[in-house]
Amino acid sequence: MKLDKIWFGGDYNPDQWDEKTIDEDMRLFKKAHINMVTLPVFSWAKLEPEEGRYNFEWLDRLLDKLAANGIGVNLATPTTAQPAWLSTKYPEVLPVDIQGRRRTHGMRVFFCYNSPKYHERSAAIAGAMAQRYAHHPALKIWHIANEYGTYCYCPICRGKFIEWLQKRYGSLEKLNERWFTSFWGRTLYDWQEIQLPTELNDDYRFNPTIQLDYMRFVTDSTADCFTNEYQAIRKYCPDIPIQTNMSGYIKKLDQFVMAKRMDIIGWDNYPWPTDDKSLVALKHDIMRGLKGGQSYMLAEQSPNQQNWQPYNRLKRPGEVRMLSFQALAHGADTCLFFQMRQSVAGQEKFHGAVISHSGRDDTRVFKETARLGAELEKLSPVLPGMRSKADVGMLFDWNNWWALENSSGPNRDINYLSTVNLYYRAFFEKNIPVDILSEDASLDGYRVIVLPMLYMFKPGLGDRICSFVQNGGTLIATTMCALVDENDHCAFGEYPGPLKDVLGLRIEETDALLQNAENRVSLDGESFPCTLLCDVIHLEGAKCLGCFEQEFYAGSPAVTVNEYGKGRAYYIGTQPDRALLERVVTKLDLAAVKPGSRDLEITRRFDGENEVIFALNHAQEQGFIDLGSTQYTELLTGAPASGTVYIAPNDVGVFCRRKDI
Amino acid sequence: MKLDKIWFGGDYNPDQWDEKTIDEDMRLFKKAHINMVTLPVFSWAKLEPEEGRYNFEWLDRLLDKLAANGIGVNLATPTTAQPAWLSTKYPEVLPVDIQGRRRTHGMRVFFCYNSPKYHERSAAIAGAMAQRYAHHPALKIWHIANEYGTYCYCPICRGKFIEWLQKRYGSLEKLNERWFTSFWGRTLYDWQEIQLPTELNDDYRFNPTIQLDYMRFVTDSTADCFTNEYQAIRKYCPDIPIQTNMSGYIKKLDQFVMAKRMDIIGWDNYPWPTDDKSLVALKHDIMRGLKGGQSYMLAEQSPNQQNWQPYNRLKRPGEVRMLSFQALAHGADTCLFFQMRQSVAGQEKFHGAVISHSGRDDTRVFKETARLGAELEKLSPVLPGMRSKADVGMLFDWNNWWALENSSGPNRDINYLSTVNLYYRAFFEKNIPVDILSEDASLDGYRVIVLPMLYMFKPGLGDRICSFVQNGGTLIATTMCALVDENDHCAFGEYPGPLKDVLGLRIEETDALLQNAENRVSLDGESFPCTLLCDVIHLEGAKCLGCFEQEFYAGSPAVTVNEYGKGRAYYIGTQPDRALLERVVTKLDLAAVKPGSRDLEITRRFDGENEVIFALNHAQEQGFIDLGSTQYTELLTGAPASGTVYIAPNDVGVFCRRKDI
Amino acid sequence: MKLDKIWFGGDYNPDQWDEKTIDEDMRLFKKAHINMVTLPVFSWAKLEPEEGRYNFEWLDRLLDKLAANGIGVNLATPTTAQPAWLSTKYPEVLPVDIQGRRRTHGMRVFFCYNSPKYHERSAAIAGAMAQRYAHHPALKIWHIANEYGTYCYCPICRGKFIEWLQKRYGSLEKLNERWFTSFWGRTLYDWQEIQLPTELNDDYRFNPTIQLDYMRFVTDSTADCFTNEYQAIRKYCPDIPIQTNMSGYIKKLDQFVMAKRMDIIGWDNYPWPTDDKSLVALKHDIMRGLKGGQSYMLAEQSPNQQNWQPYNRLKRPGEVRMLSFQALAHGADTCLFFQMRQSVAGQEKFHGAVISHSGRDDTRVFKETARLGAELEKLSPVLPGMRSKADVGMLFDWNNWWALENSSGPNRDINYLSTVNLYYRAFFEKNIPVDILSEDASLDGYRVIVLPMLYMFKPGLGDRICSFVQNGGTLIATTMCALVDENDHCAFGEYPGPLKDVLGLRIEETDALLQNAENRVSLDGESFPCTLLCDVIHLEGAKCLGCFEQEFYAGSPAVTVNEYGKGRAYYIGTQPDRALLERVVTKLDLAAVKPGSRDLEITRRFDGENEVIFALNHAQEQGFIDLGSTQYTELLTGAPASGTVYIAPNDVGVFCRRKDI
């Protein structure tokens, strides 16, 4: 699927406003080049004041007005917040928390995603909306609910979990084996003996195998909850794409599983002031990876400060523009904000908005938004649907994330996303593109595959990795790689079982460094600090590139390389610092998209016709990109560009050419 | 009301002691000049061993003995700790906590203040005591329960809360509007859909409007619980004043509301070793402000260490004396301790007492107490009932405290009491008296009104502030002022709505500084650090006094002044450091009570006949006060005093004169 | 009782392994000199798949195989982890936590130790095992359950607690007196008014007297739970010793009480990387003290890293050997590991094991284990049953631990075990042996008795201490000593009541220093820092050895000595630093076991025939021990030894001689 243009706008909650304000908003939207709003995310109680009685007139008028003003709608089913009457009438729609407490009505995403009553009522309103609006001219895309991610532990969920396990394992015998219940005497003789992993039994912390399956089950249940509405819409509206927006805090649900149910990916980007730009870039690349490189929606970002962080720094002048171009540079085709008009009360009253409490159109934020809207219109004709291409593939796996961080030992400070970002950043800073791949993705066409702490190796992965290297690929594996199977069993004997041959080594044991402690690695005549873990490695064919300097394993290998078939495999048996990693990446002989100055982020998107180069200058001083002899057009200015082009501090360049020229 | 003398003594728990010990205590009390004891705070179980059967003989003997020894009684209803039999027989008297858990019997203030059974039984014993002791010669004042402040979330409270809301809002339509339920889809169609804001729905954190009303409701309920006993006493005892002691941790209950129900204010002063003396002074001034300047009771302080702080430092020699004189200097007419004799077991066995476990009368603490008692007798003839007068009024509002600190954003480190103290201290250190005013108090007669982070502006306040300045007053407003209405709605459009005109400016947005970060303000050619928040200000008539030095708003106003009518209005658009604030206060041209050396705290109290000047030397070196040419008598020594009078380190002077001379 | 040899081996969980792996394990065990395994700790569900139906064939074969391979068995009742079917069928066997929540099935030690059903089923399987295996040749000792220590708050426990109180106090009148219920109005008129001290009433924190009794009750209940199985075994197996292994985190249960029920002590030693070696030594000496000096079992230690610490450092080469010899040096007769073969899944999959996931017998850990096994065989003929002798006795009391640390005030940072270790270490570093004594142990034969923060003085202890000094002993008492009776009542009047005379002083009050603050003590012309608490002391006969340097009590005594009868009594009225304590210990004129170099730990064990000197060189450089002119044989090498013997870094020497020569 390909969007008709770059969608610009975002969440709009007109149920909070009177008619006059809404009319004023239409004027302001047009002034700011806004062409898309998301609504009515929180209007279930308004639209269905009692069970089965709908009240769509308000929404009719609104959609008509938007259509009349040329503004499209990302039409949301309002099912993220069920009405109070529904929770009151059917308390079983409320979730039970990990302490075993039935919640009372409140908040949002505050329902049991397995509740039959919730399924019934959410499908009913989604279907009613689809029936009514399937052919409305404002309708551009469907948006189901909002930022799924609640975990429920109610009796219904327990029953469903048991069914899910019966389907997954077939027999209790198999379940006992895969849950390794011989440990600590947990053998089950009846399915009904299964309890959820909660604070009541501490299994969520101390029984990693059950917990892993529960997290899978919650993902599957949430995906089914989404699909329940999806199908209700599809009955009346066969063509319009359907999605939901995922929270930027993505650990809770396996987004590769969720992605399969959606027509297009949408995500909410709320970086912290202290986040490195490479972390934002990584998350974008994850989103692009969820559907194999398909472009996606930036579904929410704040046009200014947030309210829910401890210290809600204003976005600096130009900062939102830079974040927006970064999104487009990595594969987004939309730029949507939360939100259009600032709420006057409630939890988010101090969250930034395009239109602030003052209602003025001469604020810094409004003016920056309008400028950005105008700029995006210049990119609209070429950008939507463009893809990217990387030589480097990095495997990313939610099951691995859960299992790795839920593991008891060896080091509490193991953080999967930080480690992935550490490795990602080494490529990012050289403007070497990286694709994020699911663990079952094809490795064809990549020159380098990176497995940052890919601890869990599901069946077949070891063979696929070996073939990849055998056939000439380069592998980078790290400490903690390839230790457990899909049930978190250390089933491979010697470490790292499936990678032993390709890496040409054996790990006897792994030392965990104390908090803030470090060892050092000697490599290429230099000494680099390393932290977290140190593997005690026996070479079995590999060559040592760098050695540990301290502890009883001083002098033993820390970084190795092994020639294997037509390829080679690197192993980094510790958590390297950035400089050490930069040194290793240098050895791979990979090219940047284009040469450029330091702190210039450079990416490329293309389709069958055009190529676009993004150059984002994150530095506070002038930078440059070297476009070489090719002739480009800078899209924001319309000026021709080639050779060395200078980019002002905090500014961007977007260079386009016909691809086949 | 005016006390007959300075009451000196405090809590006494003779139910812990045998007859012989009590007799020894009488000897010790007289030796220490003790003239008042508070009892029997914790004796409900002793006095009512089963429902409706009273056993007052023990208390009869005790009161007779005290009367015979010339010691008055602050007669406590023992209702802070209901008997175990009551909790066992009527479990609904136990509170439900914010997690939804019914408590089991224990502790104190451990009852539901809305429980009809608690109301019935507490009124019954209060009435029985009033009937029996209304005319007892020892009875000087009534003391109801102890340090109210529990929050209950039981079904009875939920029902009462719904009633309270029905009364407050009249209709669900109005409630939906004032709770802004259009946000996050919380519209209510039935009163019974209302849930309490607890951990079960997280509304206590994430629904600031409901939470605000619940805190108001708890205050009203607690006040009714107090009044329930008040009326039971009044039936038999029409004249003796009635009060309760409030905890020094005063945030939980709106003490302006509580104060209306009491005849005299009483509070418990337990400063931490790290508290600045200005914080203690501020709390005293709050207490004096609760009933419009009426003198109040220091109801508890420790004669030595506490037990419940993490590090229970001994009070240094003279420290308790200084704290006691500071209380009198700010408007207290009593000096009461917790407690007379140290408990030998239980939670507070290591809490300091006048009579320690040793029972000796030659301890440091006993001797200091006795000296203080003798000194107070010298002040007794003139001090009780004296008032103060300040040119500076500082508005202080519990609703504001709750709403401001419960707000999500802009900065987690916003602390109302600290901010009030920051501003208060700027006057305190110059010995410029400050009156603490409720937000609905009259502003007449003040030269300066200060609104530290007065975020909530209830109806009419904006107009009253404007009139005050119009008529020649000086206003000091700060960042976060005047943003929301009484329901925590940003209802005023441009910031700070009701103060825009008087301040002559408009605030476009507010930057939150990260933890420990600072900006700087240039003012009068100097540079001062500032923290927490920085407003981006547009001048609309005001003059810029100081500018920010850093960030994208460098050079924009941080401190402004606006001439308005006959007055002027200052605005401080950040959290200033003490030096910057001192500089602003200097501009106000306010006079100290008397000139004196640094770290000398100087206050004045007076009545129709006399004036008393307190000079407290907090320094570890000699200080002085300049009394000018007026002739005073130093009350502790009886010596005449005028001109410059030296005060020894850690010592006090109390200077009296006939007012009309 | 005396073991036949040094038992070497440990936990083995063959229910996790197939037959082939078990056969391989037999080979590996023999290669590593393993002669003892503990099993089947977690096999209840396997052995009793439904209520009353046992399935012992698997265990029969296993025991036969072990016997055939010459390996003994520490035969465990598998009752630490009841089967899921038991929890499902009888939910009352699950514990209720301190929040009042009934747990769901999971984990281990996850049952109510007072549950009649648990008692019935655990005794049944213990009895069935005893009946079947009482005469099995592999059986060497019984092991009941595992690391008791759960606290339950269920209704059954409440009923049992009330019965326990009825037995302890006889009448409610006595209970009210001993619980001092006159404080905070807690008088009880009916036994059924008693509630457990939980989070629901906060009595576990704020009612120290009830909490103390509850902790005693839990110990007694747990001991009864142990005894329940003990008796079931004894019915069929009259002679084989019976024990359980206690966790190294020993605070929860009074191990002196538990010890009385066991035939031999066993404990699990899991030091943290940051633990000083003296803390490990102290815990060993506590274990030796539990049964009056009887040698004990090192029941578990890790052959390499743990998994459950935040940072699971590998044990360094030789570190496990050193820990093992340290155990033997202090009185252990076994060296047992958790565990033999590493689990492949579950919470502990990354816990070290003799046989790692790799299954190899050439790992560092396997080789070190095998070397150690061979060494222990050389000690086996002489060591088992040997005892020690110390001149210094240190009183250690669980009731004191609980009451002291549960006390509200004076200083939150009071830590009993750290304080005991501070004093212990002063002797340890001089190689002066210390016996750990229960508070009711005989003091006869000791030259010095030390009472680190022995806050609680049970009846008679004061007299016994006085007699000890009267008769020529030396006492060291410390701040916080002798303040409360067995119910945590400050019943002694002046401080420190029962020690006032023997110490020749009176303490008026105690200052708590703020966090990280210090005072200083002048002693022997030097200045030493001190922390935590400072007593304000009045000498009444004692001589001042050292004075405080700061605060209002500067110049007053901090360290004193008093001549009393034929002995003398030291008092240290603060928390001294190590140097100050070293200075005091020097004054005691006590001798080391043998002279030696710094960081050499030297201990002595002996029996009627032989004496063994252990010399453990903890230093990273060569050390020495001076054996004097006596002729010894070094057991590991067989070489003769006398005079100065050098010990390599990180190495040990074990010197034996016929005692009567």
# chains A, B, ... in the order shown; residues from 1 in each chain; ligands from 1
>>> closest_atom_pairs(of="chain C", to="chain B", cutoff="9 Å", atoms="only C-alpha atoms", output="Markdown table")
| residue | atom | partner | partner_atom | distance |
| --- | --- | --- | --- | --- |
| C:Gln99 | CA | B:Arg101 | CA | 8.9 |
| C:Gly100 | CA | B:Arg101 | CA | 8.9 |
| C:Trp179 | CA | B:Ala345 | CA | 8.1 |
| C:Phe180 | CA | B:Ala345 | CA | 6.3 |
| C:Thr181 | CA | B:Gly346 | CA | 8.4 |
| C:Ser182 | CA | B:Gln16 | CA | 5.5 |
| C:Phe183 | CA | B:Gly346 | CA | 6.6 |
| C:Trp184 | CA | B:Phe42 | CA | 5.2 |
| C:Gly185 | CA | B:Phe42 | CA | 4.7 |
| C:Arg186 | CA | B:Ala84 | CA | 6.6 |
| C:Thr187 | CA | B:Ala45 | CA | 6.0 |
| C:Leu188 | CA | B:Ala84 | CA | 6.4 |
| C:Tyr189 | CA | B:Trp85 | CA | 7.1 |
| C:Asp190 | CA | B:Trp85 | CA | 7.8 |
| C:Gln192 | CA | B:Thr88 | CA | 8.4 |
| C:Glu193 | CA | B:Ala84 | CA | 6.1 |
| C:Ile194 | CA | B:Ala84 | CA | 8.3 |
| C:Gln195 | CA | B:His105 | CA | 6.9 |
| C:Leu196 | CA | B:Thr104 | CA | 8.6 |
| C:Pro197 | CA | B:Gly106 | CA | 8.6 |
| C:Thr198 | CA | B:Thr104 | CA | 8.6 |
| C:Glu199 | CA | B:Arg103 | CA | 8.3 |
| C:Leu200 | CA | B:Arg103 | CA | 4.7 |
| C:Asn201 | CA | B:Gly106 | CA | 5.1 |
| C:Asp202 | CA | B:Gly106 | CA | 7.2 |
| C:Asp203 | CA | B:Gly106 | CA | 6.5 |
| C:Arg205 | CA | B:Gln347 | CA | 8.5 |
| C:Phe206 | CA | B:Gln347 | CA | 5.4 |
| C:Asn207 | CA | B:Gln347 | CA | 5.8 |
| C:Pro208 | CA | B:Gly346 | CA | 6.1 |
| C:Thr209 | CA | B:Gly346 | CA | 6.6 |
| C:Ser407 | CA | B:Gln347 | CA | 7.3 |
| C:Ser408 | CA | B:Asn307 | CA | 5.7 |
| C:Gly409 | CA | B:Asn307 | CA | 4.4 |
| C:Pro410 | CA | B:Asn312 | CA | 5.3 |
| C:Asn411 | CA | B:Tyr311 | CA | 4.7 |
| C:Arg412 | CA | B:Pro310 | CA | 4.9 |
| C:Asp413 | CA | B:Pro310 | CA | 7.9 |
| C:Val484 | CA | B:Ala345 | CA | 8.7 |
| C:Asn487 | CA | B:Ala345 | CA | 8.4 |
| C:Asp488 | CA | B:Ala345 | CA | 6.4 |
| C:His489 | CA | B:Ala345 | CA | 4.6 |
| C:Cys490 | CA | B:Val344 | CA | 4.7 |
| C:Ala491 | CA | B:Val344 | CA | 6.4 |
| C:Phe492 | CA | B:His357 | CA | 8.0 |
| C:Gly493 | CA | B:Ser358 | CA | 4.5 |
| C:Glu494 | CA | B:Ser358 | CA | 4.2 |
| C:Tyr495 | CA | B:Ser358 | CA | 7.3 |
| C:Glu508 | CA | B:Thr363 | CA | 7.0 |
| C:Glu509 | CA | B:Leu314 | CA | 8.1 |
| C:Thr510 | CA | B:Leu314 | CA | 7.3 |
| C:Asp511 | CA | B:Leu314 | CA | 5.1 |
| C:Ala512 | CA | B:Arg313 | CA | 4.7 |
| C:Leu513 | CA | B:Arg313 | CA | 6.2 |
| C:Leu514 | CA | B:Tyr311 | CA | 5.3 |
| C:Gln515 | CA | B:Tyr311 | CA | 7.1 |
| C:Leu532 | CA | B:Tyr311 | CA | 8.6 |
| C:Glu551 | CA | B:Arg316 | CA | 8.6 |
| C:Phe552 | CA | B:Arg316 | CA | 7.1 |
>>> select_by_dssp(residues="stretch 308-542 of chain C", states="strand (DSSP E)", output="ChimeraX atom specification")
/C:334-337,392-395,434-437,448-451,474-478,505-512,519-523,526-539
>>> write_last_selection(atoms="N, CA and C atoms", output="compact mmCIF listing (two decimals), in the first residue's frame")
# COMPACT_ATOMS: atom_id res chain seq x y z
N THR C 334 31.97 -31.34 56.40
CA THR C 334 31.54 -31.70 55.04
C THR C 334 31.86 -30.55 54.10
N CYS C 335 31.82 -30.88 52.84
CA CYS C 335 31.99 -29.86 51.81
C CYS C 335 31.04 -30.23 50.67
N LEU C 336 29.84 -29.68 50.76
CA LEU C 336 28.79 -30.05 49.80
C LEU C 336 28.44 -28.85 48.93
N PHE C 337 28.20 -29.16 47.70
CA PHE C 337 27.91 -28.11 46.73
C PHE C 337 26.45 -28.12 46.32
N VAL C 392 37.53 -16.36 74.08
CA VAL C 392 36.57 -15.27 73.92
C VAL C 392 35.21 -15.84 73.55
N GLY C 393 34.21 -15.44 74.31
CA GLY C 393 32.83 -15.81 73.98
C GLY C 393 32.06 -14.57 73.58
N MET C 394 31.30 -14.69 72.48
CA MET C 394 30.51 -13.54 72.02
C MET C 394 29.05 -13.97 72.03
N LEU C 395 28.23 -13.21 72.75
CA LEU C 395 26.82 -13.58 72.83
C LEU C 395 26.08 -13.13 71.59
N VAL C 434 37.11 -17.17 68.64
CA VAL C 434 35.90 -16.68 69.29
C VAL C 434 34.85 -17.78 69.23
N ASP C 435 34.19 -18.03 70.35
CA ASP C 435 33.00 -18.89 70.33
C ASP C 435 31.76 -18.03 70.33
N ILE C 436 30.81 -18.40 69.49
CA ILE C 436 29.53 -17.71 69.51
C ILE C 436 28.61 -18.46 70.45
N LEU C 437 28.05 -17.73 71.40
CA LEU C 437 27.26 -18.34 72.47
C LEU C 437 25.83 -17.83 72.44
N VAL C 448 37.11 -13.76 78.22
CA VAL C 448 36.49 -12.51 77.78
C VAL C 448 35.10 -12.81 77.23
N ILE C 449 34.14 -11.99 77.64
CA ILE C 449 32.80 -12.08 77.07
C ILE C 449 32.47 -10.76 76.39
N VAL C 450 32.00 -10.85 75.14
CA VAL C 450 31.68 -9.65 74.36
C VAL C 450 30.19 -9.64 74.06
N LEU C 451 29.58 -8.48 74.21
CA LEU C 451 28.13 -8.34 74.02
C LEU C 451 27.83 -7.27 72.98
N THR C 474 36.65 -10.79 81.92
CA THR C 474 36.66 -9.46 81.29
C THR C 474 35.42 -9.33 80.42
N LEU C 475 34.74 -8.22 80.60
CA LEU C 475 33.53 -7.96 79.83
C LEU C 475 33.77 -6.83 78.84
N ILE C 476 33.23 -6.97 77.63
CA ILE C 476 33.15 -5.83 76.70
C ILE C 476 31.69 -5.63 76.36
N ALA C 477 31.16 -4.48 76.80
CA ALA C 477 29.79 -4.13 76.48
C ALA C 477 29.82 -2.89 75.59
N THR C 478 28.73 -2.70 74.87
CA THR C 478 28.71 -1.63 73.86
C THR C 478 27.46 -0.78 74.00
N LEU C 505 28.98 2.89 85.56
CA LEU C 505 28.59 4.12 84.87
C LEU C 505 27.08 4.15 84.68
N ARG C 506 26.60 5.29 84.23
CA ARG C 506 25.20 5.52 83.94
C ARG C 506 25.12 6.32 82.64
N ILE C 507 24.19 5.93 81.77
CA ILE C 507 24.03 6.64 80.49
C ILE C 507 22.78 7.48 80.58
N GLU C 508 22.94 8.77 80.37
CA GLU C 508 21.77 9.63 80.50
C GLU C 508 20.96 9.67 79.22
N GLU C 509 21.65 9.75 78.12
CA GLU C 509 20.93 9.81 76.83
C GLU C 509 21.89 9.41 75.73
N THR C 510 21.34 9.14 74.56
CA THR C 510 22.14 8.64 73.45
C THR C 510 21.84 9.46 72.21
N ASP C 511 22.89 10.03 71.66
CA ASP C 511 22.73 10.86 70.47
C ASP C 511 22.85 9.99 69.23
N ALA C 512 21.92 10.17 68.30
CA ALA C 512 22.02 9.47 67.02
C ALA C 512 22.66 10.41 66.01
N ASN C 519 31.52 11.39 64.81
CA ASN C 519 32.17 12.10 65.90
C ASN C 519 33.57 11.51 65.96
N ARG C 520 34.36 11.87 66.94
CA ARG C 520 35.69 11.27 67.08
C ARG C 520 35.94 10.97 68.55
N VAL C 521 36.77 9.97 68.77
CA VAL C 521 37.14 9.58 70.13
C VAL C 521 38.65 9.74 70.29
N SER C 522 39.04 10.43 71.36
CA SER C 522 40.47 10.52 71.71
C SER C 522 40.81 9.38 72.65
N LEU C 523 41.80 8.59 72.30
CA LEU C 523 42.19 7.47 73.15
C LEU C 523 43.67 7.22 72.96
N GLU C 526 45.53 9.34 70.54
CA GLU C 526 45.16 9.35 69.13
C GLU C 526 43.68 9.66 68.98
N SER C 527 43.28 10.00 67.76
CA SER C 527 41.89 10.35 67.49
C SER C 527 41.31 9.36 66.48
N PHE C 528 40.19 8.77 66.86
CA PHE C 528 39.55 7.75 66.02
C PHE C 528 38.13 8.20 65.65
N PRO C 529 37.71 7.98 64.41
CA PRO C 529 36.32 8.30 64.10
C PRO C 529 35.35 7.30 64.71
N CYS C 530 34.16 7.76 65.02
CA CYS C 530 33.10 6.85 65.46
C CYS C 530 31.79 7.34 64.83
N THR C 531 30.83 6.47 64.78
CA THR C 531 29.61 6.76 64.02
C THR C 531 28.36 6.29 64.77
N LEU C 532 27.21 6.52 64.19
CA LEU C 532 25.95 5.89 64.53
C LEU C 532 25.32 6.44 65.81
N LEU C 533 25.98 6.22 66.94
CA LEU C 533 25.41 6.58 68.23
C LEU C 533 26.52 7.08 69.14
N CYS C 534 26.17 8.02 70.00
CA CYS C 534 27.11 8.46 71.03
C CYS C 534 26.35 8.55 72.35
N ASP C 535 26.81 7.78 73.32
CA ASP C 535 26.18 7.82 74.64
C ASP C 535 26.70 9.00 75.46
N VAL C 536 25.79 9.61 76.19
CA VAL C 536 26.21 10.62 77.15
C VAL C 536 26.32 9.92 78.51
N ILE C 537 27.56 9.71 78.95
CA ILE C 537 27.87 8.81 80.06
C ILE C 537 28.24 9.58 81.32
N HIS C 538 27.70 9.13 82.45
CA HIS C 538 28.18 9.60 83.76
C HIS C 538 28.96 8.48 84.40
N LEU C 539 30.21 8.75 84.75
CA LEU C 539 31.01 7.72 85.40
C LEU C 539 30.53 7.53 86.83
>>> atom_distance(atom1="atom CA of C:Phe256", atom2="atom CA of C:Phe111")
22.8 Å
>>> atom_distance(atom1="atom CA of C:Ser221", atom2="atom CA of C:Phe396")
21.6 Å
>>> select_by_dssp(residues="stretch 101-258 of chain C", states="alpha helix (DSSP H)", output="MDAnalysis selection string")
chainID C and resid 116:133 155:169 172:178 203:206 208:234 255:258
>>> residues_around(residues="stretch 553-559 of chain C", least_positions_apart="4", cutoff="6 Å", atoms="only C-alpha atoms", output="list in words")
Cys544, Leu545, Gly546, Cys547, Phe548, Glu549, Tyr571, Ile572 and Gly573 of chain C
>>> atom_distance(atom1="atom CA of B:Gly541", atom2="atom CA of A:Lys367")
24.1 Å
